[in-house]
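Q: Take a look at structure.csv, CSV, C-alpha atoms:
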```csv
chain,number,residue,atom,x,y,z
A,1,GLU,CA,8.5,10.2,-22.0
A,2,VAL,CA,7.2,6.7,-21.6
A,3,SER,CA,9.1,6.0,-18.4
A,4,THR,CA,7.1,8.6,-16.5
A,5,VAL,CA,3.9,6.5,-16.8
A,6,LEU,CA,5.3,3.0,-16.6
A,7,GLY,CA,4.0,1.2,-13.5
A,8,ARG,CA,1.3,3.7,-13.0
A,9,LYS,CA,-2.5,3.5,-13.2
A,10,ALA,CA,-4.6,5.9,-15.4
A,11,LEU,CA,-7.0,8.1,-13.4
A,12,ARG,CA,-9.4,8.3,-16.3
A,13,HIS,CA,-10.1,7.1,-19.9
A,14,PHE,CA,-8.2,8.8,-22.8
A,15,ARG,CA,-9.4,9.6,-26.3
A,16,GLU,CA,-7.5,8.3,-29.3
A,17,GLY,CA,-4.7,10.7,-30.2
A,18,GLU,CA,-4.9,12.6,-26.8
A,19,ILE,CA,-1.6,13.8,-25.4
A,20,LEU,CA,-0.9,12.1,-22.1
A,21,SER,CA,0.3,13.9,-19.0
A,22,SER,CA,2.0,12.4,-15.9
A,23,ARG,CA,-0.7,14.1,-13.8
A,24,SER,CA,-3.2,11.8,-15.4
A,25,PHE,CA,-1.7,8.8,-13.7
A,26,GLU,CA,-1.2,7.6,-10.1
A,27,GLN,CA,1.3,5.1,-8.7
A,28,ILE,CA,-0.1,1.6,-8.1
A,29,ALA,CA,-0.6,0.7,-4.5
A,30,ASP,CA,1.8,-1.7,-2.9
A,31,VAL,CA,-0.9,-2.8,-0.5
A,32,ARG,CA,-4.6,-2.8,-1.4
A,33,ARG,CA,-7.6,-2.7,1.0
A,34,GLY,CA,-8.8,-6.2,1.9
A,35,GLU,CA,-5.5,-7.9,1.0
A,36,LYS,CA,-3.7,-10.1,3.5
A,37,VAL,CA,-0.4,-8.6,4.5
A,38,GLY,CA,2.6,-9.8,6.4
A,39,VAL,CA,2.9,-7.9,9.7
A,40,ILE,CA,6.2,-7.5,11.5
A,41,LEU,CA,5.8,-6.6,15.1
A,42,SER,CA,9.1,-5.3,16.5
A,43,GLN,CA,10.4,-4.2,19.9
A,44,SER,CA,14.0,-3.6,20.9
A,45,ARG,CA,14.7,-7.3,21.9
A,46,PHE,CA,12.3,-9.3,19.7
A,47,THR,CA,10.4,-9.5,16.4
A,48,VAL,CA,7.2,-11.4,15.7
A,49,GLU,CA,5.7,-12.0,12.3
A,50,THR,CA,2.0,-12.6,11.7
A,51,VAL,CA,-0.7,-11.9,9.1
A,52,GLY,CA,-3.2,-9.0,9.0
A,53,VAL,CA,-5.7,-7.6,6.6
A,54,ALA,CA,-5.1,-4.1,5.1
A,55,GLN,CA,-8.0,-1.7,5.8
A,56,GLU,CA,-6.9,0.8,3.1
A,57,ASP,CA,-4.7,1.1,0.0
A,58,GLY,CA,-1.1,2.4,0.5
A,59,ARG,CA,2.4,2.6,-0.9
A,60,VAL,CA,5.8,1.9,0.7
A,61,GLY,CA,6.5,4.5,3.5
A,62,GLU,CA,2.8,5.3,4.2
A,63,VAL,CA,1.0,4.4,7.4
A,64,ILE,CA,-2.2,2.4,7.1
A,65,PHE,CA,-4.7,0.6,9.3
A,66,VAL,CA,-4.4,-3.1,9.5
A,67,LYS,CA,-6.8,-5.6,11.2
A,68,ASN,CA,-5.9,-8.7,13.1
A,69,PRO,CA,-8.3,-11.3,11.7
A,70,GLU,CA,-8.2,-13.4,14.9
A,71,SER,CA,-8.8,-10.7,17.5
A,72,GLY,CA,-10.6,-8.2,15.3
A,73,LYS,CA,-8.4,-5.4,16.6
A,74,THR,CA,-7.2,-2.7,14.3
A,75,PHE,CA,-3.8,-1.0,14.5
A,76,LEU,CA,-1.5,1.3,12.5
A,77,GLY,CA,1.5,0.1,10.6
A,78,ARG,CA,4.0,1.5,8.1
A,79,ILE,CA,4.3,-0.3,4.7
A,80,VAL,CA,7.9,-1.4,4.3
A,81,SER,CA,7.5,-3.4,1.0
A,82,ASP,CA,5.0,-5.1,-1.2
A,83,HIS,CA,2.4,-6.7,1.1
A,84,ARG,CA,4.5,-6.2,4.3
A,85,VAL,CA,3.7,-3.8,7.1
A,86,GLU,CA,5.8,-3.0,10.2
A,87,VAL,CA,4.4,-2.2,13.6
A,88,THR,CA,6.8,-0.8,16.3
A,89,LEU,CA,5.7,-1.6,19.8
```
Any chance you could give the structure as structure tokens?
A:
Amino acid sequence: EVSTVLGRKALRHFREGEILSSRSFEQIADVRRGEKVGVILSQSRFTVETVGVAQEDGRVGEVIFVKNPESGKTFLGRIVSDHRVEVTL
């Protein structure tokens, strides 16, 4: 069924006429390494938003390393949406 491969990336090249399997595809990352991402820093009483640089690819729900371009520090954050990462302090 076509819907099982829509929005996914092929893991390899296919020959003409070859039968496709859903295992031959992967989901496209919501965040890619090197991209700027919005970073939401939250604590019980406040929320701060800033920008960081993703250090690895990831999808919503996954935890990735993000680098603060100003300080050079790296931290972990959970991807909450396309190009947005949340860090809980």
Q: Of the candidates A:Arg8, A:Lys67, A:His13, A:Arg32, which one gets nearest to His83 of chain A if we count only C-alpha atoms?
A: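 Of A:Arg8, A:Lys67, A:His13, A:Arg32, the one nearest His83 of chain A, counting only C-alpha atoms, is A:Arg32.
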Q: Between A:Leu11, A:Leu41, A:Ile28, A:Val63, which has the minimum distance to Gly77 of chain A (counting only C-alpha atoms)?
A: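 Once distances to Gly77 of chain A are computed over only C-alpha atoms, the minimum belongs to A:Val63.
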Q: Determine, counting all atoms listed in the file, which protein, DNA and RNA residues have an atom within 9 Å of an atom of Phe25 of chain A; residues of the same chain fewer than 4 positions away are not included. Present the result as JSON, numbers by chain.
A: {"A": [5, 8, 9, 10, 11, 12, 21]}
Q: For the selection you just gave me, I'd like the residues written to a file as a PDB file, in the coordinates of the input, keeping C-alpha atoms.
A:
```pdb
ATOM      1  CA  VAL A   5       3.900   6.500 -16.800  1.00  0.00           C
ATOM      2  CA  ARG A   8       1.300   3.700 -13.000  1.00  0.00           C
ATOM      3  CA  LYS A   9      -2.500   3.500 -13.200  1.00  0.00           C
ATOM      4  CA  ALA A  10      -4.600   5.900 -15.400  1.00  0.00           C
ATOM      5  CA  LEU A  11      -7.000   8.100 -13.400  1.00  0.00           C
ATOM      6  CA  ARG A  12      -9.400   8.300 -16.300  1.00  0.00           C
ATOM      7  CA  SER A  21       0.300  13.900 -19.000  1.00  0.00           C
TER       8      SER A  21
END
```
Q: Go through A:Ile64, A:Ile40, A:Ala29, A:Ala54 one by one, measure the shortest atom-to-atom distance of each to Val87 of chain A using only C-alpha atoms, and give the residue with the smallest value.
A: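 The closest residue to Val87 of chain A is A:Ile40.
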Q: Could you state the separation of atom CA of Arg45 of chain A and atom CA of Glu86 of chain A in Å, given to one decimal place?
A: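 Atom-to-atom, atom CA of Arg45 of chain A to atom CA of Glu86 of chain A, that is 15.3 Å.
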Q: Have segment 42-58 of chain A completed to N, CA, C and O atoms, please, and pass it along as a PDB file, in the coordinates of the input.
A:
```
ATOM      1  N   SER A  42       7.737  -5.374  16.013  1.00  0.00           N
ATOM      2  CA  SER A  42       9.100  -5.300  16.500  1.00  0.00           C
ATOM      3  C   SER A  42       9.219  -4.453  17.764  1.00  0.00           C
ATOM      4  O   SER A  42       8.547  -3.437  17.896  1.00  0.00           O
ATOM      5  N   GLN A  43      10.074  -4.914  18.661  1.00  0.00           N
ATOM      6  CA  GLN A  43      10.400  -4.200  19.900  1.00  0.00           C
ATOM      7  C   GLN A  43      11.958  -4.343  19.965  1.00  0.00           C
ATOM      8  O   GLN A  43      12.538  -5.158  19.253  1.00  0.00           O
ATOM      9  N   SER A  44      12.588  -3.631  20.830  1.00  0.00           N
ATOM     10  CA  SER A  44      14.000  -3.600  20.900  1.00  0.00           C
ATOM     11  C   SER A  44      14.668  -5.032  20.967  1.00  0.00           C
ATOM     12  O   SER A  44      15.705  -5.290  20.379  1.00  0.00           O
ATOM     13  N   ARG A  45      14.044  -5.966  21.672  1.00  0.00           N
ATOM     14  CA  ARG A  45      14.700  -7.300  21.900  1.00  0.00           C
ATOM     15  C   ARG A  45      14.059  -8.420  21.085  1.00  0.00           C
ATOM     16  O   ARG A  45      14.600  -9.530  21.101  1.00  0.00           O
ATOM     17  N   PHE A  46      12.935  -8.200  20.426  1.00  0.00           N
ATOM     18  CA  PHE A  46      12.300  -9.300  19.700  1.00  0.00           C
ATOM     19  C   PHE A  46      11.524  -8.817  18.491  1.00  0.00           C
ATOM     20  O   PHE A  46      11.144  -7.671  18.402  1.00  0.00           O
ATOM     21  N   THR A  47      11.270  -9.768  17.581  1.00  0.00           N
ATOM     22  CA  THR A  47      10.400  -9.500  16.400  1.00  0.00           C
ATOM     23  C   THR A  47       9.501 -10.692  16.226  1.00  0.00           C
ATOM     24  O   THR A  47       9.914 -11.846  16.341  1.00  0.00           O
ATOM     25  N   VAL A  48       8.235 -10.391  15.947  1.00  0.00           N
ATOM     26  CA  VAL A  48       7.200 -11.400  15.700  1.00  0.00           C
ATOM     27  C   VAL A  48       6.579 -11.122  14.361  1.00  0.00           C
ATOM     28  O   VAL A  48       6.307  -9.972  14.043  1.00  0.00           O
ATOM     29  N   GLU A  49       6.354 -12.158  13.577  1.00  0.00           N
ATOM     30  CA  GLU A  49       5.700 -12.000  12.300  1.00  0.00           C
ATOM     31  C   GLU A  49       4.330 -12.688  12.332  1.00  0.00           C
ATOM     32  O   GLU A  49       4.213 -13.792  12.855  1.00  0.00           O
ATOM     33  N   THR A  50       3.321 -12.028  11.768  1.00  0.00           N
ATOM     34  CA  THR A  50       2.000 -12.600  11.700  1.00  0.00           C
ATOM     35  C   THR A  50       1.301 -12.093  10.427  1.00  0.00           C
ATOM     36  O   THR A  50       1.953 -11.494   9.575  1.00  0.00           O
ATOM     37  N   VAL A  51       0.018 -12.332  10.315  1.00  0.00           N
ATOM     38  CA  VAL A  51      -0.700 -11.900   9.100  1.00  0.00           C
ATOM     39  C   VAL A  51      -1.856 -10.992   9.558  1.00  0.00           C
ATOM     40  O   VAL A  51      -2.485 -11.193  10.596  1.00  0.00           O
ATOM     41  N   GLY A  52      -2.102  -9.965   8.745  1.00  0.00           N
ATOM     42  CA  GLY A  52      -3.200  -9.000   9.000  1.00  0.00           C
ATOM     43  C   GLY A  52      -3.925  -8.757   7.687  1.00  0.00           C
ATOM     44  O   GLY A  52      -3.524  -9.242   6.629  1.00  0.00           O
ATOM     45  N   VAL A  53      -4.977  -7.956   7.775  1.00  0.00           N
ATOM     46  CA  VAL A  53      -5.700  -7.600   6.600  1.00  0.00           C
ATOM     47  C   VAL A  53      -5.704  -6.047   6.472  1.00  0.00           C
ATOM     48  O   VAL A  53      -6.098  -5.336   7.405  1.00  0.00           O
ATOM     49  N   ALA A  54      -5.214  -5.550   5.330  1.00  0.00           N
ATOM     50  CA  ALA A  54      -5.100  -4.100   5.100  1.00  0.00           C
ATOM     51  C   ALA A  54      -6.527  -3.508   5.077  1.00  0.00           C
ATOM     52  O   ALA A  54      -7.427  -4.040   4.419  1.00  0.00           O
ATOM     53  N   GLN A  55      -6.710  -2.393   5.765  1.00  0.00           N
ATOM     54  CA  GLN A  55      -8.000  -1.700   5.800  1.00  0.00           C
ATOM     55  C   GLN A  55      -8.077  -0.559   4.829  1.00  0.00           C
ATOM     56  O   GLN A  55      -9.109   0.098   4.709  1.00  0.00           O
ATOM     57  N   GLU A  56      -6.957  -0.303   4.115  1.00  0.00           N
ATOM     58  CA  GLU A  56      -6.900   0.800   3.100  1.00  0.00           C
ATOM     59  C   GLU A  56      -5.746   0.521   2.167  1.00  0.00           C
ATOM     60  O   GLU A  56      -4.860  -0.260   2.458  1.00  0.00           O
ATOM     61  N   ASP A  57      -5.775   1.189   1.010  1.00  0.00           N
ATOM     62  CA  ASP A  57      -4.700   1.100   0.000  1.00  0.00           C
ATOM     63  C   ASP A  57      -3.510   1.942   0.557  1.00  0.00           C
ATOM     64  O   ASP A  57      -3.689   2.902   1.310  1.00  0.00           O
ATOM     65  N   GLY A  58      -2.312   1.602   0.121  1.00  0.00           N
ATOM     66  CA  GLY A  58      -1.100   2.400   0.500  1.00  0.00           C
ATOM     67  C   GLY A  58       0.089   2.000  -0.284  1.00  0.00           C
ATOM     68  O   GLY A  58       0.130   0.959  -0.936  1.00  0.00           O
TER      69      GLY A  58
END
```
